[in-house]
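Undergrad: You'll find work.txt just under this line, and it carries compact mmCIF, C-alpha atoms.
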# COMPACT_ATOMS: atom_id res chain seq x y z
CA MET A 1 -12.65 21.90 4.94
CA LEU A 2 -13.15 23.70 8.22
CA GLN A 3 -15.54 20.99 9.29
CA GLY A 4 -12.94 18.34 8.53
CA LEU A 5 -10.35 20.12 10.67
CA PHE A 6 -12.84 20.48 13.52
CA LEU A 7 -13.61 16.76 13.34
CA ILE A 8 -9.89 15.94 13.55
CA LEU A 9 -9.57 18.20 16.59
CA VAL A 10 -12.54 16.70 18.46
CA SER A 11 -11.52 13.18 17.60
CA THR A 12 -7.92 13.59 18.84
CA VAL A 13 -8.83 15.45 22.02
CA LEU A 14 -11.75 13.31 23.14
CA VAL A 15 -12.43 10.15 21.15
CA ASN A 16 -8.91 8.94 20.42
CA ASN A 17 -7.25 10.69 23.32
CA PHE A 18 -3.50 10.19 22.96
CA VAL A 19 -2.99 9.10 26.54
CA LEU A 20 -6.18 7.35 27.51
CA SER A 21 -6.94 5.42 24.37
CA ARG A 22 -3.75 5.35 22.30
CA PHE A 23 -1.36 4.86 25.24
CA LEU A 24 1.11 7.49 24.08
CA GLY A 25 2.93 9.52 26.69
CA ILE A 26 2.19 7.29 29.69
CA CYS A 27 5.50 8.06 31.43
CA PRO A 28 4.82 11.80 31.96
CA PHE A 29 1.13 10.97 32.50
CA ILE A 30 2.04 8.91 35.58
CA GLY A 31 5.21 10.82 36.48
CA VAL A 32 4.25 14.49 36.27
CA SER A 33 0.64 14.38 37.47
CA GLU A 34 0.99 15.04 41.17
CA ARG A 35 0.12 18.76 41.05
CA ILE A 36 -2.30 20.54 38.71
CA GLU A 37 0.08 23.46 38.04
CA THR A 38 3.00 21.25 36.98
CA ALA A 39 0.66 19.08 34.93
CA LEU A 40 -0.59 22.17 33.12
CA SER A 41 2.93 23.44 32.38
CA MET A 42 3.99 20.02 31.13
CA GLY A 43 0.88 19.91 28.95
CA TRP A 44 1.52 23.31 27.34
CA ALA A 45 5.17 22.54 26.70
CA THR A 46 4.28 19.21 25.10
CA THR A 47 1.56 20.77 22.94
CA LEU A 48 4.03 23.34 21.69
CA VAL A 49 6.70 20.77 20.83
CA MET A 50 4.15 18.45 19.23
CA THR A 51 2.71 21.11 16.93
CA VAL A 52 6.08 22.48 15.81
CA SER A 53 7.70 19.08 15.30
CA ALA A 54 4.67 17.67 13.47
CA VAL A 55 4.81 20.51 10.95
CA VAL A 56 8.59 20.24 10.49
CA THR A 57 8.58 16.44 10.13
CA TRP A 58 5.66 16.77 7.69
CA GLY A 59 7.73 19.11 5.53
CA LEU A 60 10.74 16.81 5.61
CA GLU A 61 8.62 13.76 4.78
CA GLN A 62 6.97 15.45 1.79
CA TYR A 63 9.94 17.33 0.35
CA VAL A 64 12.96 15.22 1.29
CA LEU A 65 12.19 11.66 2.35
CA ILE A 66 9.54 10.81 -0.26
CA PRO A 67 11.13 12.50 -3.35
CA PHE A 68 14.53 10.98 -2.63
CA ASP A 69 13.08 7.60 -1.61
CA LEU A 70 14.65 7.74 1.83
CA GLY A 71 11.71 6.25 3.73
CA PHE A 72 13.98 3.90 5.64
CA LEU A 73 15.57 6.91 7.35
CA GLN A 74 12.20 8.06 8.71
CA TYR A 75 12.75 7.11 12.37
CA VAL A 76 16.29 8.48 12.52
CA VAL A 77 15.28 11.77 10.88
CA TYR A 78 12.16 12.21 13.01
CA ILE A 79 13.86 11.66 16.34
CA LEU A 80 16.65 14.05 15.40
CA VAL A 81 14.12 16.70 14.34
CA ILE A 82 12.28 16.31 17.63
CA ALA A 83 15.47 16.55 19.69
CA THR A 84 16.54 19.63 17.71
CA MET A 85 13.11 21.25 18.02
CA VAL A 86 13.10 20.75 21.77
CA GLN A 87 16.54 22.33 22.03
CA THR A 88 15.55 25.23 19.75
CA ILE A 89 12.33 25.96 21.60
CA GLU A 90 14.24 25.92 24.87
CA THR A 91 16.82 28.40 23.58
CA ILE A 92 14.19 30.71 22.10
CA LEU A 93 12.14 30.64 25.27
CA ALA A 94 15.17 31.36 27.43
CA LYS A 95 15.98 34.46 25.35
CA THR A 96 12.51 35.85 24.74
CA SER A 97 10.46 34.87 27.74
CA PRO A 98 12.47 34.00 30.85
CA ALA A 99 9.33 33.72 32.98
CA LEU A 100 7.79 31.10 30.67
CA HIS A 101 11.15 29.38 30.43
CA ARG A 102 11.28 29.05 34.21
CA THR A 103 7.88 27.33 34.27
CA LEU A 104 8.34 25.08 31.25
CA GLY A 105 12.14 24.77 31.24
CA ILE A 106 12.64 21.62 33.28
CA PHE A 107 9.96 19.78 31.32
CA LEU A 108 11.35 20.46 27.88
CA PRO A 109 14.26 17.96 27.89
CA LEU A 110 11.87 15.23 29.07
CA ILE A 111 9.67 15.78 26.05
CA THR A 112 12.27 14.42 23.61
CA THR A 113 11.64 10.94 24.95
CA ASN A 114 7.88 11.41 25.23
CA CYS A 115 6.61 8.78 22.85
CA ALA A 116 3.52 10.88 22.10
CA VAL A 117 5.69 13.29 20.09
CA LEU A 118 7.42 10.68 17.91
CA GLY A 119 4.21 8.64 17.69
CA LEU A 120 2.34 11.68 16.46
CA ALA A 121 4.90 12.44 13.74
CA ILE A 122 4.70 8.85 12.47
CA LEU A 123 0.89 8.81 12.66
CA VAL A 124 0.75 12.01 10.57
CA ALA A 125 2.89 10.36 7.89
CA GLN A 126 0.75 7.20 7.97
CA LYS A 127 -2.53 9.07 7.70
CA GLY A 128 -1.31 11.17 4.77
CA TYR A 129 -2.54 14.48 6.19
CA ASN A 130 -1.85 17.83 4.52
CA VAL A 131 0.08 20.42 6.50
CA LEU A 132 -2.98 22.11 7.99
CA GLU A 133 -4.51 18.82 9.05
CA ALA A 134 -1.16 17.77 10.52
CA ALA A 135 -0.96 20.95 12.60
CA VAL A 136 -4.54 20.56 13.86
CA PHE A 137 -3.98 16.87 14.60
CA ALA A 138 -0.83 17.76 16.57
CA THR A 139 -2.52 20.54 18.53
CA GLY A 140 -5.45 18.26 19.28
CA GLY A 141 -3.09 15.55 20.44
CA GLY A 142 -1.31 18.01 22.71
CA LEU A 143 -4.55 19.39 24.12
CA GLY A 144 -5.84 15.87 24.73
CA PHE A 145 -2.60 15.04 26.54
CA THR A 146 -2.93 18.20 28.65
CA LEU A 147 -6.56 17.42 29.44
CA ALA A 148 -5.78 13.87 30.58
CA LEU A 149 -2.79 15.06 32.63
CA VAL A 150 -4.72 17.82 34.40
CA LEU A 151 -7.71 15.56 35.11
CA LEU A 152 -5.48 12.91 36.66
CA ALA A 153 -3.55 15.54 38.65
CA GLY A 154 -6.82 16.92 40.01
CA ILE A 155 -7.90 13.48 41.18
CA ARG A 156 -4.47 12.72 42.65
CA GLU A 157 -4.56 15.92 44.73
CA ARG A 158 -7.82 14.66 46.23
CA LEU A 159 -6.49 11.13 46.66
CA GLU A 160 -3.93 12.38 49.16
CA TRP A 161 -6.73 12.77 51.69
CA ALA A 162 -8.33 9.43 50.94
CA ASP A 163 -7.96 6.32 53.06
CA ILE A 164 -6.35 3.90 50.60
CA PRO A 165 -5.62 0.26 51.49
CA GLU A 166 -1.93 -0.26 52.20
CA ALA A 167 -1.31 -2.41 49.11
CA PHE A 168 -2.84 0.16 46.76
CA LYS A 169 -0.87 3.17 47.99
CA GLY A 170 1.31 4.89 45.42
CA LYS A 171 1.35 3.70 41.82
CA PRO A 172 -1.42 1.02 41.91
CA ILE A 173 -4.17 3.47 42.86
CA VAL A 174 -2.91 5.97 40.27
CA LEU A 175 -3.14 3.31 37.55
CA ILE A 176 -6.63 2.30 38.60
CA THR A 177 -7.70 5.95 38.65
CA ALA A 178 -6.28 6.31 35.14
CA GLY A 179 -8.27 3.22 34.16
CA LEU A 180 -11.50 4.82 35.41
CA LEU A 181 -10.67 8.03 33.52
CA SER A 182 -10.05 6.01 30.40
CA MET A 183 -13.38 4.28 30.93
CA ALA A 184 -15.08 7.66 31.13
CA PHE A 185 -13.45 8.65 27.85
CA LEU A 186 -14.80 5.47 26.24
CA GLY A 187 -18.13 7.28 26.48
CA PHE A 188 -16.98 9.57 23.66
CA THR A 189 -16.73 6.63 21.23
CA GLY A 190 -19.06 7.20 18.33
CA LEU A 191 -19.06 10.98 18.79
CA VAL A 192 -17.16 11.29 15.52
CA ALA A 193 -17.63 8.79 12.71
CA GLN A 194 -14.19 7.56 11.75
CA MET B 1 25.87 -12.95 36.62
CA ASN B 2 24.25 -10.39 38.85
CA ASN B 3 24.20 -8.01 35.89
CA PHE B 4 21.90 -10.47 34.15
CA LEU B 5 19.71 -11.44 37.11
CA LYS B 6 18.91 -8.02 38.51
CA GLY B 7 16.74 -7.06 35.53
CA LEU B 8 14.59 -10.14 35.95
CA TRP B 9 13.34 -9.37 39.41
CA LYS B 10 15.17 -6.99 41.77
CA GLU B 11 15.34 -4.10 39.29
CA ASN B 12 12.58 -5.25 36.95
CA PRO B 13 11.98 -2.33 34.57
CA ILE B 14 8.18 -2.61 34.63
CA PHE B 15 7.20 -3.73 38.12
CA VAL B 16 9.95 -2.02 40.12
CA ILE B 17 11.36 0.93 38.20
CA MET B 18 8.19 1.48 36.17
CA ILE B 19 9.66 2.74 32.93
CA GLY B 20 8.62 1.84 29.41
CA MET B 21 4.95 1.90 30.31
CA CYS B 22 3.49 2.91 26.93
CA PRO B 23 4.11 -0.36 25.07
CA THR B 24 3.38 -2.25 28.28
CA LEU B 25 -0.16 -0.97 28.38
CA ALA B 26 -0.79 -0.66 24.66
CA VAL B 27 0.16 -4.01 23.17
CA THR B 28 -0.69 -6.42 26.00
CA THR B 29 -4.14 -7.41 24.76
CA ALA B 30 -2.83 -10.97 24.32
CA ALA B 31 0.06 -12.96 25.77
CA VAL B 32 1.63 -13.50 22.35
CA ASN B 33 1.81 -9.76 21.69
CA GLY B 34 3.52 -9.29 25.05
CA ILE B 35 6.21 -11.82 24.16
CA ALA B 36 6.73 -10.35 20.67
CA MET B 37 7.01 -6.79 21.93
CA GLY B 38 9.31 -7.92 24.74
CA LEU B 39 11.64 -9.82 22.42
CA ALA B 40 11.80 -6.96 19.89
CA THR B 41 12.73 -4.59 22.70
CA THR B 42 15.26 -7.08 24.07
CA ALA B 43 16.95 -7.33 20.66
CA VAL B 44 17.30 -3.56 20.44
CA LEU B 45 18.40 -3.26 24.06
CA VAL B 46 21.12 -5.92 23.80
CA CYS B 47 22.54 -4.40 20.61
CA SER B 48 22.36 -0.81 21.84
CA ASN B 49 23.97 -1.68 25.18
CA LEU B 50 26.76 -3.50 23.37
CA LEU B 51 27.34 -0.66 20.89
CA VAL B 52 27.26 2.04 23.53
CA SER B 53 29.67 0.10 25.70
CA LEU B 54 32.09 -0.55 22.81
CA LEU B 55 32.04 3.11 21.83
CA ARG B 56 32.06 4.50 25.37
CA ASN B 57 35.65 5.75 25.12
CA PHE B 58 35.18 7.32 21.68
CA ILE B 59 32.00 9.34 22.03
CA PRO B 60 32.60 12.81 23.50
CA LYS B 61 30.55 13.34 26.64
CA ALA B 62 28.81 16.45 25.33
CA VAL B 63 27.19 14.74 22.35
CA ARG B 64 26.57 11.34 23.90
CA ILE B 65 22.75 11.60 24.13
CA PRO B 66 22.23 12.52 20.45
CA SER B 67 24.69 9.78 19.42
CA TYR B 68 22.82 7.18 21.49
CA ILE B 69 19.50 8.30 20.01
CA VAL B 70 20.75 7.96 16.44
CA MET B 71 22.23 4.50 17.16
CA ILE B 72 19.01 3.35 18.81
CA ALA B 73 16.88 4.74 15.97
CA ALA B 74 19.01 2.89 13.42
CA LEU B 75 18.74 -0.37 15.39
CA VAL B 76 14.97 0.00 15.70
CA THR B 77 14.71 0.57 11.94
CA VAL B 78 16.54 -2.73 11.40
CA VAL B 79 14.31 -4.62 13.86
CA ASP B 80 11.23 -3.03 12.28
CA MET B 81 12.25 -4.19 8.80
CA VAL B 82 13.17 -7.70 9.97
CA MET B 83 9.82 -8.07 11.71
CA GLU B 84 7.93 -6.76 8.70
CA ALA B 85 9.71 -9.27 6.46
CA PHE B 86 9.47 -12.38 8.63
CA PHE B 87 6.51 -11.80 10.97
CA PRO B 88 4.13 -9.52 9.04
CA GLU B 89 1.15 -10.59 11.16
CA ILE B 90 2.71 -9.54 14.47
CA HIS B 91 4.25 -6.48 12.86
CA ARG B 92 0.76 -5.31 11.91
CA VAL B 93 -0.62 -5.86 15.42
CA LEU B 94 2.22 -4.06 17.21
CA GLY B 95 2.28 -1.34 14.52
CA LEU B 96 3.37 2.04 15.76
CA PHE B 97 4.80 0.65 18.97
CA ILE B 98 7.75 -0.99 17.25
CA ALA B 99 8.90 2.44 16.06
CA LEU B 100 8.31 3.75 19.55
CA ILE B 101 10.96 1.39 20.97
CA ILE B 102 13.27 4.32 20.10
CA VAL B 103 11.78 6.44 22.83
CA ASN B 104 11.32 3.59 25.29
CA CYS B 105 12.97 4.95 28.42
CA ILE B 106 14.44 1.51 29.21
CA ILE B 107 16.80 1.63 26.22
CA MET B 108 18.07 5.15 26.82
CA GLY B 109 18.09 4.58 30.58
CA ARG B 110 20.30 1.48 30.37
CA ALA B 111 22.63 3.12 27.83
CA GLU B 112 23.14 6.12 30.06
CA ALA B 113 23.08 4.45 33.46
CA PHE B 114 24.93 1.23 32.73
CA ALA B 115 26.40 0.63 29.27
CA ALA B 116 28.27 3.95 29.15
CA LYS B 117 30.23 2.98 32.27
CA ASN B 118 30.78 -0.76 31.89
CA PRO B 119 32.70 -3.19 29.65
CA PRO B 120 30.89 -4.81 26.69
CA LEU B 121 30.20 -8.23 28.25
CA ALA B 122 28.64 -6.75 31.39
CA ALA B 123 26.59 -4.34 29.26
CA LEU B 124 25.39 -7.20 27.06
CA LEU B 125 24.28 -9.25 30.08
CA ASP B 126 22.60 -6.21 31.59
CA GLY B 127 20.69 -5.62 28.36
CA LEU B 128 19.66 -9.26 28.13
CA GLY B 129 18.48 -9.35 31.76
CA MET B 130 16.56 -6.10 31.54
CA GLY B 131 15.05 -7.13 28.19
CA LEU B 132 13.90 -10.51 29.48
CA GLY B 133 12.59 -8.87 32.66
CA PHE B 134 10.56 -6.57 30.43
CA THR B 135 9.41 -9.54 28.34
CA TRP B 136 8.09 -11.64 31.21
CA ALA B 137 6.35 -8.62 32.71
CA LEU B 138 4.60 -7.93 29.39
CA THR B 139 3.72 -11.59 28.97
CA LEU B 140 2.21 -11.73 32.46
CA ILE B 141 0.06 -8.64 31.84
CA GLY B 142 -0.89 -9.96 28.41
CA SER B 143 -1.86 -13.35 29.84
CA VAL B 144 -4.05 -11.84 32.55
CA ARG B 145 -5.83 -9.58 30.06
CA GLU B 146 -6.27 -12.35 27.50
CA LEU B 147 -7.57 -14.77 30.12
CA LEU B 148 -10.11 -12.27 31.45
CA GLY B 149 -11.05 -10.71 28.15
CA ALA B 150 -11.18 -13.72 25.84
CA GLY B 151 -10.96 -16.74 28.16
CA SER B 152 -7.89 -17.99 26.35
CA LEU B 153 -4.11 -18.12 26.79
CA PHE B 154 -1.72 -17.78 23.84
CA GLY B 155 -4.74 -18.14 21.56
CA ILE B 156 -5.89 -21.46 23.09
CA LYS B 157 -9.28 -21.55 24.78
CA VAL B 158 -8.70 -22.27 28.45
CA LEU B 159 -11.93 -21.32 30.12
CA GLY B 160 -15.03 -23.21 28.99
CA SER B 161 -17.76 -21.76 26.80
CA ALA B 162 -19.78 -21.01 29.94
CA TYR B 163 -17.27 -18.26 30.74
CA GLN B 164 -18.59 -14.82 29.94
CA PRO B 165 -15.56 -12.79 28.72
CA VAL B 166 -14.90 -9.45 30.39
CA ILE B 167 -14.42 -7.36 27.26
CA LEU B 168 -13.32 -4.42 29.38
CA ALA B 169 -10.00 -6.17 30.05
CA LEU B 170 -9.13 -5.89 26.36
CA LEU B 171 -10.18 -2.24 26.07
CA PRO B 172 -7.84 0.60 27.11
CA PRO B 173 -9.23 0.95 30.67
CA GLY B 174 -8.52 -2.73 31.23
CA ALA B 175 -4.82 -2.13 30.64
CA PHE B 176 -4.56 0.50 33.35
CA ILE B 177 -6.69 -1.45 35.82
CA THR B 178 -4.93 -4.80 35.25
CA MET B 179 -1.53 -3.17 35.69
CA GLY B 180 -2.74 -1.45 38.87
CA LEU B 181 -4.09 -4.71 40.28
CA ILE B 182 -0.91 -6.65 39.48
CA LEU B 183 1.23 -3.99 41.21
CA ALA B 184 -1.11 -4.01 44.21
CA THR B 185 -0.88 -7.81 44.40
CA PHE B 186 2.91 -7.68 44.47
CA LYS B 187 2.76 -5.05 47.16
CA ALA B 188 0.26 -7.04 49.22
CA VAL B 189 2.48 -10.13 49.08
CA GLU B 190 5.41 -7.97 50.15
CA ILE B 191 3.49 -6.50 53.08
CA SER B 192 2.33 -9.88 54.38
CA ARG B 193 5.88 -11.20 54.01
CA LYS B 194 7.25 -8.32 56.06
CA LYS B 195 4.63 -8.96 58.75
CA GLN B 196 5.73 -12.60 58.94
CA VAL B 197 9.32 -11.48 59.26
CA ALA B 198 8.43 -9.13 62.07
CA GLY B 199 6.59 -11.99 63.82
CA GLY B 200 9.73 -14.10 64.38
CA VAL B 201 12.11 -16.54 62.63
CA THR B 202 14.69 -13.82 62.22
CA GLY B 203 17.40 -16.27 61.17
CA VAL B 204 15.73 -17.25 57.90
CA ALA B 205 13.97 -13.97 57.36
CA GLY B 206 17.02 -11.74 57.05
CA PRO B 207 17.92 -12.21 53.38
CA ILE B 208 14.28 -12.52 52.28
CA SER B 209 13.26 -9.19 53.75
CA HIS B 210 16.38 -7.69 52.23
CA THR B 211 15.52 -8.66 48.66
CA GLY B 212 11.91 -7.77 49.38
CA GLN B 213 12.74 -4.18 50.17
CA HIS B 214 14.66 -3.89 46.98
CA SER B 215 12.04 -5.42 44.79
CA ILE B 216 8.89 -3.54 45.66
CA SER B 217 9.26 -0.65 48.03
CA GLN B 218 11.22 1.56 45.65
For this file, produce the structure as structure tokens.

TA:
Amino acid sequence: MLQGLFLILVSTVLVNNFVLSRFLGICPFIGVSERIETALSMGWATTLVMTVSAVVTWGLEQYVLIPFDLGFLQYVVYILVIATMVQTIETILAKTSPALHRTLGIFLPLITTNCAVLGLAILVAQKGYNVLEAAVFATGGGLGFTLALVLLAGIRERLEWADIPEAFKGKPIVLITAGLLSMAFLGFTGLVAQ
Amino acid sequence: MNNFLKGLWKENPIFVIMIGMCPTLAVTTAAVNGIAMGLATTAVLVCSNLLVSLLRNFIPKAVRIPSYIVMIAALVTVVDMVMEAFFPEIHRVLGLFIALIIVNCIIMGRAEAFAAKNPPLAALLDGLGMGLGFTWALTLIGSVRELLGAGSLFGIKVLGSAYQPVILALLPPGAFITMGLILATFKAVEISRKKQVAGGVTGVAGPISHTGQHSISQ
């Protein structure tokens, strides 16, 4: 049991990293990775939303959509849950922890359209996880996203001092750096038997 | 007409504005997948732009984003079911990424930035242009990756059997690197063009350098 959960965690963080091997959440990965601190805040906020929304969508799938045969409403329901969760988390944070809200606040609205969150909810439904597995899978996905974001931000901070050919300045070099990171993560293939 | 044309090149969603990157990188392991993904997105984009534009005077401003999201999610569900019924093979390959058209920033971006402020016909043309711009960008990336990684184009062997395929191009890193190289190529062409313009022939160069600035430097 515990071993199974641990395997899910390792496999989502390293082997099937959401960003570098599943291509989920590329927009924030390229957009919010200029500074390590902002990357870290974005990562935490996303992890939080992913875990909460994965559990809520899991509950809805099991107790509403499947019993009432409403599978065709899956996408509509999921995206509404995610949008609501983001709004709720923002309100709760603003009331209980203004300091945290200041750091994470501006990132929260962006997370609604982060495809990693919706993708994760659908993947959980496809894989038929139980609620605990879903939560671990979501947290792993969020941590993997954070890891990739922070790694890229670290490299981009260094890149500012590098002498890059004119044509590669800006986005091209960032994409190639991401490609090299992704190549490094390929090394984890086979770490966990699927 | 300009509403239609701008999406193809000057404001191309992938190469210029760089939104909607997830499907761009994920499904472009072959040219055919690029076309299929592009056309599915175009279908959703045209319909959502049209709907948003028709309803622009009825939806209260405060709840517009949730309304758009629900409309887009419903449209994507339809496209998903149609593809599953008529093109099961492609539906299986694209998989999760058809559902993720909902959160493709292009759709929401065009609804908010264009369709909500313009009449239906203009919104429809804008959606069609942006969608086709997205499609050709995906097809180009897919073709490059397929050519390098499998030596074929649209499933037909192009390079002889002596060609040793670069498998890396089909793996995830290949997506990032190919995209980076294509963007760099565009930029290099732009730079050399600007240098030529600076060198002389100002009469002809004027309009070219103008479009050039719009297309790449943003």

Undergrad: Name all residues at most 10 Å from B:Val78 (count all atoms listed in the file; drop same-chain ones fewer than 5 positions away) and give them as a ChimeraX atom specification.

TA: /A:72 /B:44,72-73,83-84

Undergrad: Those same residues, written as a compact mmCIF listing (two decimals), in the coordinates of the input with C-alpha atoms?

TA:
# COMPACT_ATOMS: atom_id res chain seq x y z
CA PHE A 72 13.98 3.90 5.64
CA VAL B 44 17.30 -3.56 20.44
CA ILE B 72 19.01 3.35 18.81
CA ALA B 73 16.88 4.74 15.97
CA MET B 83 9.82 -8.07 11.71
CA GLU B 84 7.93 -6.76 8.70

Undergrad: If you take all atoms listed in the file and a cut-off of 9 Å, which residues of chain B touch chain A, and what are their nearest atom pairs and distances in Å to one decimal, in chain and number order, as JSON lines?

TA:
{"residue": "B:Met18", "atom": "CA", "partner": "A:Cys27", "partner_atom": "CA", "distance": 8.5}
{"residue": "B:Ile19", "atom": "CA", "partner": "A:Cys27", "partner_atom": "CA", "distance": 6.9}
{"residue": "B:Gly20", "atom": "CA", "partner": "A:Cys27", "partner_atom": "CA", "distance": 7.2}
{"residue": "B:Met21", "atom": "CA", "partner": "A:Ile26", "partner_atom": "CA", "distance": 6.1}
{"residue": "B:Cys22", "atom": "CA", "partner": "A:Ile26", "partner_atom": "CA", "distance": 5.3}
{"residue": "B:Pro23", "atom": "CA", "partner": "A:Phe23", "partner_atom": "CA", "distance": 7.6}
{"residue": "B:Leu25", "atom": "CA", "partner": "A:Phe23", "partner_atom": "CA", "distance": 6.7}
{"residue": "B:Ala26", "atom": "CA", "partner": "A:Phe23", "partner_atom": "CA", "distance": 5.6}
{"residue": "B:Pro66", "atom": "CA", "partner": "A:Leu80", "partner_atom": "CA", "distance": 7.7}
{"residue": "B:Ile69", "atom": "CA", "partner": "A:Ile79", "partner_atom": "CA", "distance": 7.5}
{"residue": "B:Val70", "atom": "CA", "partner": "A:Val76", "partner_atom": "CA", "distance": 6.0}
{"residue": "B:Met71", "atom": "CA", "partner": "A:Val76", "partner_atom": "CA", "distance": 8.5}
{"residue": "B:Ile72", "atom": "CA", "partner": "A:Val76", "partner_atom": "CA", "distance": 8.6}
{"residue": "B:Ala73", "atom": "CA", "partner": "A:Val76", "partner_atom": "CA", "distance": 5.1}
{"residue": "B:Ala74", "atom": "CA", "partner": "A:Val76", "partner_atom": "CA", "distance": 6.3}
{"residue": "B:Val76", "atom": "CA", "partner": "A:Tyr75", "partner_atom": "CA", "distance": 8.2}
{"residue": "B:Thr77", "atom": "CA", "partner": "A:Tyr75", "partner_atom": "CA", "distance": 6.8}
{"residue": "B:Met81", "atom": "CA", "partner": "A:Phe72", "partner_atom": "CA", "distance": 8.9}
{"residue": "B:Leu96", "atom": "CA", "partner": "A:Gly119", "partner_atom": "CA", "distance": 6.9}
{"residue": "B:Phe97", "atom": "CA", "partner": "A:Gly119", "partner_atom": "CA", "distance": 8.1}
{"residue": "B:Ala99", "atom": "CA", "partner": "A:Tyr75", "partner_atom": "CA", "distance": 7.1}
{"residue": "B:Leu100", "atom": "CA", "partner": "A:Cys115", "partner_atom": "CA", "distance": 6.3}
{"residue": "B:Ile101", "atom": "CA", "partner": "A:Cys115", "partner_atom": "CA", "distance": 8.8}
{"residue": "B:Ile102", "atom": "CA", "partner": "A:Tyr75", "partner_atom": "CA", "distance": 8.2}
{"residue": "B:Val103", "atom": "CA", "partner": "A:Thr113", "partner_atom": "CA", "distance": 5.0}
{"residue": "B:Asn104", "atom": "CA", "partner": "A:Thr113", "partner_atom": "CA", "distance": 7.4}
{"residue": "B:Cys105", "atom": "CA", "partner": "A:Thr113", "partner_atom": "CA", "distance": 7.0}
{"residue": "B:Met108", "atom": "CA", "partner": "A:Thr113", "partner_atom": "CA", "distance": 8.9}
{"residue": "B:Leu168", "atom": "CA", "partner": "A:Met183", "partner_atom": "CA", "distance": 8.8}
{"residue": "B:Leu171", "atom": "CA", "partner": "A:Ser21", "partner_atom": "CA", "distance": 8.5}
{"residue": "B:Pro172", "atom": "CA", "partner": "A:Ser21", "partner_atom": "CA", "distance": 5.6}
{"residue": "B:Pro173", "atom": "CA", "partner": "A:Gly179", "partner_atom": "CA", "distance": 4.3}
{"residue": "B:Gly174", "atom": "CA", "partner": "A:Gly179", "partner_atom": "CA", "distance": 6.6}
{"residue": "B:Ala175", "atom": "CA", "partner": "A:Gly179", "partner_atom": "CA", "distance": 7.3}
{"residue": "B:Phe176", "atom": "CA", "partner": "A:Gly179", "partner_atom": "CA", "distance": 4.7}
{"residue": "B:Ile177", "atom": "CA", "partner": "A:Ile176", "partner_atom": "CA", "distance": 4.7}
{"residue": "B:Thr178", "atom": "CA", "partner": "A:Ile176", "partner_atom": "CA", "distance": 8.0}
{"residue": "B:Met179", "atom": "CA", "partner": "A:Leu175", "partner_atom": "CA", "distance": 6.9}
{"residue": "B:Gly180", "atom": "CA", "partner": "A:Pro172", "partner_atom": "CA", "distance": 4.1}
{"residue": "B:Leu181", "atom": "CA", "partner": "A:Pro172", "partner_atom": "CA", "distance": 6.5}
{"residue": "B:Ile182", "atom": "CA", "partner": "A:Pro172", "partner_atom": "CA", "distance": 8.1}
{"residue": "B:Leu183", "atom": "CA", "partner": "A:Pro172", "partner_atom": "CA", "distance": 5.7}
{"residue": "B:Ala184", "atom": "CA", "partner": "A:Ala167", "partner_atom": "CA", "distance": 5.2}
{"residue": "B:Thr185", "atom": "CA", "partner": "A:Ala167", "partner_atom": "CA", "distance": 7.2}
{"residue": "B:Phe186", "atom": "CA", "partner": "A:Ala167", "partner_atom": "CA", "distance": 8.2}
{"residue": "B:Lys187", "atom": "CA", "partner": "A:Ala167", "partner_atom": "CA", "distance": 5.2}
{"residue": "B:Ala188", "atom": "CA", "partner": "A:Ala167", "partner_atom": "CA", "distance": 4.9}
{"residue": "B:Val189", "atom": "CA", "partner": "A:Ala167", "partner_atom": "CA", "distance": 8.6}
{"residue": "B:Glu190", "atom": "CA", "partner": "A:Ala167", "partner_atom": "CA", "distance": 8.8}
{"residue": "B:Ile191", "atom": "CA", "partner": "A:Ala167", "partner_atom": "CA", "distance": 7.5}

Undergrad: Determine, counting all atoms listed in the file, which protein, DNA and RNA residues have an atom within 12 Å of an atom of A:Asn16; residues of the same chain fewer than 6 positions away are not included. Present the result as a PyMOL selection string.

TA: (chain A and resi 7-10+22-24+137+140-141+143-145+148+182+185-194) or (chain B and resi 172)

Undergrad: What is the distance, in Å and to one decimal place, between atom CA of A:Ala125 and atom CA of B:Leu45?

TA: 26.2 Å

Undergrad: Could you state the separation of atom CA of A:Val136 and atom CA of A:Thr51 in Å, given to one decimal place?

TA: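 Atom CA of A:Thr51 lies 7.9 Å from atom CA of A:Val136.
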
Undergrad: Kindly give the distance, in Å, that separates atom CA of B:Leu124 and atom CA of B:Ser48, rounded to a single decimal.

TA: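 Interatomic distance, atom CA of B:Leu124 to atom CA of B:Ser48: 8.8 Å.
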
Undergrad: Within 12 Å of A:Ile89, counting all atoms listed in the file, which residues qualify if same-chain residues fewer than 3 places away don't, as a list of chain:residue names?

TA: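 Counting only the stated atoms, we get A:Ala45, A:Thr46, A:Leu48, A:Val49, A:Met50, A:Thr51, A:Val52, A:Ser53, A:Val81, A:Ile82, A:Ala83, A:Thr84, A:Met85, A:Val86, A:Ile92, A:Leu93, A:Ala94, A:Lys95, A:Thr96, A:Ser97, A:Leu100, A:His101, A:Leu104, A:Gly105, A:Phe107, A:Leu108, A:Pro109, A:Ile111, A:Thr112.
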
Undergrad: Any chance you could work out the axis-aligned box around stretch 169-185 of chain A, listed atoms only, 4 Å on each side, giving centre and edge lengths in Å to one decimal, as JSON?

TA:
{"center_x": -6.9, "center_y": 4.8, "center_z": 37.9, "size_x": 24.4, "size_y": 15.6, "size_z": 28.1}

Undergrad: Please provide the set of residues having any atom within 8 Å of stretch 86-95 of chain B, restricted to only C-alpha atoms, with same-chain residues fewer than 5 positions apart removed, written as an MDAnalysis selection string.

TA: chainID B and resid 27 33 36:37 80
